[in-house]
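Here's the structure, in structure tokens; my notes come after.
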Amino acid sequence: MRVVNRLAIAILCGFLSGVPLQAQVEQLATSGDGHVLLFHSRFRLQTETDLGPQGKIYRWQEGRWTRVAAAQDIGPAASPPDVFSPFLSMDGKVVGWQINVGCLLCQIIVAPPLSSAISGVSLPATFPRGTLRMSANGRYFTADSYPFSGAKYWDAATGAVTEVPVDLFARPVVREVSNDGTVLLSITQPEDPEQFNSPGALSLWKPGSDPRPVYSENRVFSPTISANGGRVAFEAVVEGGPDDDQRTLLVLDTQTGERLSIASMPPRDYRATRESFSKPVWDANGTKLIYRTFDDRERPVAISLWEAGTRASRVVLTSSEGFSSAVISGDGRIIWAVTSTNRLLRLDLFTGLTDEILPPLGSTAGGADGPGVPGSAILIRGIGVTKTQMALDGDVQLPLVDAAPEGMWVQIPWEYASFPQGTHKVLIRSQNNPFEGVVSVRITPGIEPYMTTWEDPATGIRYAKAVHQDFQSLVTPSSPARPGETVHVYLTGLGPLDQPLPTGAPGPLAPLAHPVAPLNCRLGSISPPLLMPYLGYAVGMVGIYQADLTIPDNASQEIPMLYCTASDANGIVHTTAAPLSTTSAP
């Protein structure tokens, strides 16, 4: 008989998943004075019980939160509807956002997939609505109706509509507009908007002229033009050669053509990053540029400010949580920034004071990992989860088993055994935060075994979560289970025990608790059952079952599939499986 020790608990609940998840407070936009903030989120205000996890846009103003827009909630879809990338004019009077129309199958395109909504100005009826862009003064607009026509440009003051001079089928993915009507275009080769085959041409254009190329040496990420049109910033990425994937943040003077290197990525392979690392943002005058500081982290832990007057950068915000995005007000005074845990900060550069507008709420967009069986723990996948957060099913607060890098472990109450099968909406909340996350959890009374897993960040493969016989390390491809060794595998969903336990109580040591349903495990689908010297509710853990399995003497040098099966009260056999590394070496 084996029981788990503290190290095994840490390995079980604290092993890094490696699944990247986006922050749930993102796509920031602010007014000229920084007194208004818009952002995109899949959270909802706690008062919005009629909404789910669909995309939404919220406004913060004078300490008040208001929902500006919400996408339709049509359930799982190939392209779910969304409202995203909000924008507003310097004076805060013109507000708009992009719309992904969404589709269930997306087999046939019968209408442009992207649209937009805007208030404070009336677009011409015939003006396209896709990928709408606006100058900070609310006068100039560009949009397209891809893939049906090219991009158009509109001057709200004169009413003139002009064709943007790009190929009909070479959609310009960048069309940033300055207050003097200059458009920053990223003109790429047809069917190569990501510039995989060749760099695009970063160009400046105004109606009545030809595009003027200003940069075409390397692949370009997140190009942005200041509101006054004086400066352009972008992240240049080298493709191929000895400097492959070298990233450099550059600033160009649009009048003189002077080019300045602001920051460079430390030596490291960032080929997996398919978006801008720095995400630069200008103030209106082009004298202040904020960006996510280049470092050797997956998510940068600092926001830097570059000033044209001194031509120097300095760090203005730091957080070990890492920053997902930031924006600066047009007057260059207020910086809004959000961390990977959705902590929202507001820095006043004049006073030096930083206010926490939203405490961290984590991101739980990964959903529930497996079924919710009464008495068992379930992993709600996410990042930035802490033990200060809570999970509620209506008025019932689910016991928090652990807050780990891969998400939140909670226990499904034993009392749910009398509930019918169904999907529950679990709410994730944090103290003093008006928002909440919404996660759907399928509750299954009875049993439904589920093998807990860990994910190898290098390969993305999920393996059975098991520890070696001495409880000192995890079973991995580099440290496989040996012939004759008894490893400890962890599961959930095995249902009722031979002694009742209250919800939230850990597995007892004396007497030990065992599941009523028998369990059989084998390496490979046709191999004989493995010897199982112990099966029980893991001692000291909540909602976790432990199966001790002896590796046969004829184990091979491979990664076989571990299958475990159990029968419910109706005789229905349930199976769970995951790879488990073994070796033929003693």
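Letters A, B, ... go to the chains of the structure tokens in the order shown; residues in each chain start at 1; ligands are counted from 1 in the same order.
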Taking 4 positions as the minimum chain separation for residues in the same chain, which residues sit within 8 Å of Val338 of chain A when counting only C-alpha atoms? Answer as a list in words.
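Close residues of Val338 of chain A: Val25, Glu26, Phe323, Ser324, Ser325, Ala326, Asn342, Arg343, Leu344 and Leu345 of chain A.
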With C-alpha atoms kept, could you save the residues just selected as a PDB file, in the first residue's frame?
ATOM      1  CA  VAL A  25      -8.772  42.203 -20.456  1.00  0.00           C
ATOM      2  CA  GLU A  26      -7.143  43.265 -23.718  1.00  0.00           C
ATOM      3  CA  PHE A 323       2.054  42.555 -19.422  1.00  0.00           C
ATOM      4  CA  SER A 324      -0.358  41.658 -22.197  1.00  0.00           C
ATOM      5  CA  SER A 325      -0.933  45.195 -23.513  1.00  0.00           C
ATOM      6  CA  ALA A 326      -0.704  48.914 -22.755  1.00  0.00           C
ATOM      7  CA  ASN A 342      -6.032  40.769 -15.963  1.00  0.00           C
ATOM      8  CA  ARG A 343      -4.774  43.202 -13.355  1.00  0.00           C
ATOM      9  CA  LEU A 344      -5.586  46.650 -14.799  1.00  0.00           C
ATOM     10  CA  LEU A 345      -3.230  49.510 -13.859  1.00  0.00           C
TER      11      LEU A 345
END
Determine, for each residue of segment 68-87 of chain A having at least one atom at most 6 Å from an atom of segment 99-105 of chain A, the closest pair of atoms and their separation in Å to one decimal, counting only C-alpha atoms; order by chain and ascending number, as a tab-separated table.
residue	atom	partner	partner_atom	distance
A:Ala77	CA	A:Leu104	CA	4.5
A:Ala78	CA	A:Leu104	CA	5.3
A:Ser79	CA	A:Gly102	CA	4.9
A:Pro80	CA	A:Gly102	CA	4.7
A:Pro81	CA	A:Gly102	CA	4.1
A:Asp82	CA	A:Asn100	CA	5.0
A:Val83	CA	A:Ile99	CA	4.6
Within 7 Å of Gly181 of chain A, counting only C-alpha atoms, which residues show up once you throw out same-chain ones fewer than 4 positions away? Write them as an mmCIF file with C-alpha atoms, in the first residue's frame, please.
data_model
loop_
_atom_site.group_PDB
_atom_site.id
_atom_site.type_symbol
_atom_site.label_atom_id
_atom_site.label_comp_id
_atom_site.auth_asym_id
_atom_site.auth_seq_id
_atom_site.Cartn_x
_atom_site.Cartn_y
_atom_site.Cartn_z
ATOM 1 C CA TYR A 140 -10.605 60.216 -41.584
ATOM 2 C CA VAL A 177 -4.660 56.976 -40.222
ATOM 3 C CA LYS A 206 -2.749 60.360 -49.041
#
May I ask for the distance between atom CA of Pro242 of chain A and atom CA of Pro223 of chain A, given in Å to one decimal place?
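Between these atoms lies a distance of 24.5 Å.
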I want to know what sits within 8 Å of segment 428-435 of chain A, based on only C-alpha atoms, with residues of the same chain fewer than 5 positions away left out; could you give that as a list in words?
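The neighbour list is Phe43, Arg44, Leu45, Gln46, Leu358, Pro359, Pro360, Leu361, Thr388, Gln389, Met390, Ala391 and Leu392 of chain A.
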To test your reading of the structure, identify every residue in segment 408-543 of chain A that backbone DSSP assigns to strand (DSSP E), and report it as a PyMOL selection string.
chain A and resi 408-411+422-430+435-443+450-451+453-455+462-464+466-467+486-492+519-523+531-537
Extract, using only C-alpha atoms, all DNA, RNA and protein residues at most 10 Å from segment 351-355 of chain A, discarding same-chain residues fewer than 3 positions from it, and format them as a list in words.
Val316, Leu317, Arg333, Ile334, Ile335, Trp336, Leu344, Leu345, Arg346, Leu347, Asp348 and Leu358 of chain A
